[in-house]
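Asks: One structure, pasted below without further comment.
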Amino acid sequence: MKQDTPATSVSAGENVTKTSSRRKFLKSSAYLGAVGASGVLGGLPLAPSASAQSTFQAASTNPSGQRRRAIQAAAYQDLLRAEQTGRASDWDQIPLDATATRRLANPQGAYRFIFAGLDGHATRMRPAPSFRSAESAAEVGEVYWQGLTRDVPFNHYDTDAGIGAALADLNGFSEAVGPKQGGLVTAGTIFRGPTPGDLNGPYISQFLWKDVPYGPSVIEQRYEKPLPVDFMVDESNWLNVQRGGAPAETLNFEPVFRYLHDNRGLGEYVHRDVLFQAYLNAGLILLGYGGAAIDSGNPYFNGNIDNQGAFTSLGGPYVIDLVTQAGNLGLNSAWYHKWLEHRRLRPEVFGGRVHFMKTGQRSYEIHPDLLDADCVAEAFSRSGTYFLPMGFTEGSPTHPSYPAGHATIAGACTTTLKTFFNEDFVIPDPVVSNDDGTALNPYGGSALTVGGELNKLASNISLGRDAAGVHYRSDGVDGMLVGEQQAISLLQDYSVALNEDFGGFSLTKFDGTRILIRGGNVEPN
């Protein structure tokens, strides 16, 4: 690392800068003791160093033999060494495959410190489910079915035969994942999130359908939708992507822009979205509803301040600024946990393990729930292989899976929005897409509240990445909880920076508990 430049001392003996003390911490065992990867990491375009290449030249040249495995192990050791030292020079020395056109996705971002809210290493999450576990088997099974039913309209989930097959299969796993009714995954719960509001109303949040007031214009939320083609279901394309090569397949689109109405469209939304886009849009929609949608604790809207208006504090610019700050803050924790803690392999790599084991080319400790599942047999019946059908030609991003960056952003941004808006406010004139996404129709079901639809928005974005095949359920659900931690810490810092006589930020967490943030502290509410 670069040598720190000493700062001017504030008092006698105080000549260590905040930055240098942080760098000392960065080198400590407390920060760098994270080596418990949840599976054999795959899907990164790693190659051997020159020394590793020469060491293993004498080994078998069989592509499935010792030489390949030893080279990959050597490259992975290069990565682990860089993680342990944190030195930029060691990261620079990690070699990529000779055919790779993609680079590792910003692993040094894992060491980034921030000045409002929690640093990434200060957030907590459970260990990722292990590779051999029944939970991982069920999560992979769910991702297979999300791919296999990618083109089924959400409106048809209660009648579609493919969804019916998915329900029968998923309920047969020894640790079926996701929300349930009567102990079973149902057409009303499949692929949905676990938070309050997720099971109420349409699958898609109102904030992904409603027009967005954007200054002097209005944005209609129709999006490009890919043609119904899946990718990386043959060995050559799968292996090329794992090595970091440019995709040989092409993603093509329908000529008509459509409202989100199936997982094909949702997966593509979270393929190309600006990462805080959905929450910026939600904030603008909510601000357009006027004072009735504002949280009752805001002194400018509850009558405590009646001779002034909110603006740079507790007003529109303040809200939007904090929401976008929360987005990048969420990534801070995701990158720490991805690279320095869990290093979980991506679903496409897990699907590759399934394929090579089912075809007798390899042996892995994969739970029999998955190997014997209908989803694996259905994948084979469609493509002649057991690979996971992918929504993106390039497969997953080149960083580990757990947690999902989209999910930590979702958790941070929606938590921030919930503090400024009345969670009990009922969304006016709710809508639902028709079956093909060409129109929005009035929705006449149960009332949809701001809190419930913000929770649903977070789940839509987080689990929409699963629908594309690039994440598992726990990447999303647990990632949202990490983002929530960071948003709460951000609000703790901002709660002491206001001049108004302000009672604090209140919100409902994803687990349904109410909290109040004031004076830098978090209290039950």
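Identifiers for the structure tokens are assigned positionally: chains receive A, B, ... in sequence, residues are indexed from 1 per chain, and ligands are indexed from 1 in the order shown.
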Tell me, as number ranges by chain, which residues lie within 12 Å of A:Val274, counting only C-alpha atoms; anything in the same chain fewer than 5 positions away does not count.

Replies: A: 269, 279-281, 324, 327-328, 406, 409, 461

Asks: I want to know what sits within 7 Å of stretch 142-151 of chain A, based on only C-alpha atoms, with residues of the same chain fewer than 4 positions away left out; could you give that as a short mmCIF file (atom, residue, chain, number, x, y, z; two decimals) with C-alpha atoms, in the first residue's frame?

Replies:
data_model
loop_
_atom_site.label_atom_id
_atom_site.label_comp_id
_atom_site.auth_asym_id
_atom_site.auth_seq_id
_atom_site.Cartn_x
_atom_site.Cartn_y
_atom_site.Cartn_z
CA ALA A 138 -33.56 -26.26 -2.89
CA GLY A 162 -45.22 -25.42 -15.81
CA ILE A 163 -45.82 -23.56 -12.54
CA ALA A 166 -42.54 -26.40 -10.30
CA LEU A 170 -40.11 -27.63 -5.04
CA PRO A 228 -37.66 -16.15 -25.44
CA ASP A 262 -43.04 -12.11 -16.54
CA ASN A 263 -39.62 -13.13 -15.29
CA ARG A 264 -38.03 -12.72 -18.72
CA CYS A 375 -36.22 -29.44 -12.67
CA LEU A 388 -28.99 -24.01 -15.86
CA PRO A 389 -30.80 -22.03 -18.60
CA MET A 390 -29.48 -18.48 -18.37
CA ASP A 466 -32.51 -15.11 -9.54
CA ALA A 467 -34.98 -15.12 -12.43
CA ALA A 468 -32.07 -14.37 -14.76
CA GLY A 469 -30.06 -17.26 -13.27
CA TYR A 472 -29.88 -17.63 -5.32
#

Asks: Show me, as a PyMOL selection string, the residues that have an atom within 8 Å of stretch 91-100 of chain A when counting only C-alpha atoms, minus same-chain residues fewer than 2 positions from it.

Replies: chain A and resi 45-49+75+78-79+82-83+86-89+102-103+108+243-246

Asks: Distance table requested - stretch 114-164 of chain A against stretch 434-441 of chain A, cut-off 9 Å, only C-alpha atoms: one row per qualifying residue with the closest atom pair and its distance in Å to one decimal, ordered by chain and rising residue number, as CSV.

Replies:
residue,atom,partner,partner_atom,distance
A:Pro153,CA,A:Asp435,CA,5.9
A:Phe154,CA,A:Asp435,CA,7.8
A:Asn155,CA,A:Asp435,CA,6.3
A:His156,CA,A:Asp435,CA,7.9

Asks: Only N, CA and C atoms, please: the residues just picked out, written as a PDB file, in the first residue's frame.

Replies:
ATOM      1  N   PRO A 153     -46.517 -15.632 -17.878  1.00  0.00           N
ATOM      2  CA  PRO A 153     -46.986 -14.374 -17.274  1.00  0.00           C
ATOM      3  C   PRO A 153     -47.326 -14.580 -15.800  1.00  0.00           C
ATOM      4  N   PHE A 154     -47.012 -13.598 -14.976  1.00  0.00           N
ATOM      5  CA  PHE A 154     -47.340 -13.690 -13.553  1.00  0.00           C
ATOM      6  C   PHE A 154     -48.843 -13.909 -13.352  1.00  0.00           C
ATOM      7  N   ASN A 155     -49.664 -13.352 -14.244  1.00  0.00           N
ATOM      8  CA  ASN A 155     -51.113 -13.502 -14.126  1.00  0.00           C
ATOM      9  C   ASN A 155     -51.570 -14.951 -14.299  1.00  0.00           C
ATOM     10  N   HIS A 156     -50.717 -15.816 -14.848  1.00  0.00           N
ATOM     11  CA  HIS A 156     -51.112 -17.193 -15.144  1.00  0.00           C
ATOM     12  C   HIS A 156     -50.561 -18.202 -14.141  1.00  0.00           C
TER      13      HIS A 156
END

Asks: Find the residues around stretch 479-488 of chain A up to 6 Å (only C-alpha atoms counted), leave out those fewer than 5 positions away in its own chain, and share them as a PyMOL selection string.

Replies: chain A and resi 117-118+330+403-404+407-409+411-412+415

Asks: Restricted to C-alpha atoms, what would the selected residues look like written as an mmCIF file, in the first residue's frame?

Replies:
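So result.cif came out as:
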data_model
loop_
_atom_site.group_PDB
_atom_site.id
_atom_site.type_symbol
_atom_site.label_atom_id
_atom_site.label_comp_id
_atom_site.auth_asym_id
_atom_site.auth_seq_id
_atom_site.Cartn_x
_atom_site.Cartn_y
_atom_site.Cartn_z
ATOM 1 C CA GLY A 117 -23.099 4.770 7.821
ATOM 2 C CA LEU A 118 -21.417 1.426 8.469
ATOM 3 C CA GLY A 330 -25.328 -1.004 0.006
ATOM 4 C CA PRO A 403 -24.833 -11.413 -1.142
ATOM 5 C CA ALA A 404 -26.402 -9.914 -4.254
ATOM 6 C CA ALA A 407 -30.227 -6.897 -2.890
ATOM 7 C CA THR A 408 -28.038 -4.834 -0.574
ATOM 8 C CA ILE A 409 -28.966 -1.753 -2.594
ATOM 9 C CA GLY A 411 -32.454 -3.146 1.341
ATOM 10 C CA ALA A 412 -30.647 0.153 1.853
ATOM 11 C CA THR A 415 -35.365 1.260 4.165
#

Asks: Pull the strand (DSSP E) assignments for stretch 315-450 of chain A out of DSSP run on the backbone, and list those residues as a PyMOL selection string.

Replies: chain A and resi 431-433+440-442

Asks: Please produce a file of those selected residues containing C-alpha atoms, as an mmCIF file, in the first residue's frame.

Replies:
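Ended up saving to part_15.cif:
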data_model
loop_
_atom_site.group_PDB
_atom_site.id
_atom_site.type_symbol
_atom_site.label_atom_id
_atom_site.label_comp_id
_atom_site.auth_asym_id
_atom_site.auth_seq_id
_atom_site.Cartn_x
_atom_site.Cartn_y
_atom_site.Cartn_z
ATOM 1 C CA VAL A 431 -52.777 -1.104 -11.599
ATOM 2 C CA VAL A 432 -51.809 -4.526 -12.923
ATOM 3 C CA SER A 433 -50.249 -5.398 -16.265
ATOM 4 C CA LEU A 440 -52.005 -1.577 -17.519
ATOM 5 C CA ASN A 441 -55.444 -2.349 -16.145
ATOM 6 C CA PRO A 442 -57.050 -1.171 -12.884
#

Asks: Would you work out the distance separating atom CA of A:Ser462 from atom CA of A:Gly476, expressed in Å to one decimal?

Replies: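 Value for the atom CA of A:Ser462-atom CA of A:Gly476 distance: 4.9 Å.
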
Asks: For a test of reading the model, state the distance in Å between atom CA of A:Leu370 and atom CA of A:Leu345, rounded to one decimal.

Replies: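 Distance reported for this atom pair: 16.3 Å.
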
Asks: From the set A:Phe131, A:Tyr157, A:Tyr203, A:Trp209, which residue has the shortest atom-to-atom contact distance to A:Glu365, counting only C-alpha atoms?

Replies: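 For A:Glu365, the nearest of the given residues is A:Phe131.
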
Asks: Which residues come within 7 Å of A:Pro430, counting only C-alpha atoms, excluding same-chain residues fewer than 2 positions away, as number ranges by chain?

Replies: A: 206, 427-428, 442-443
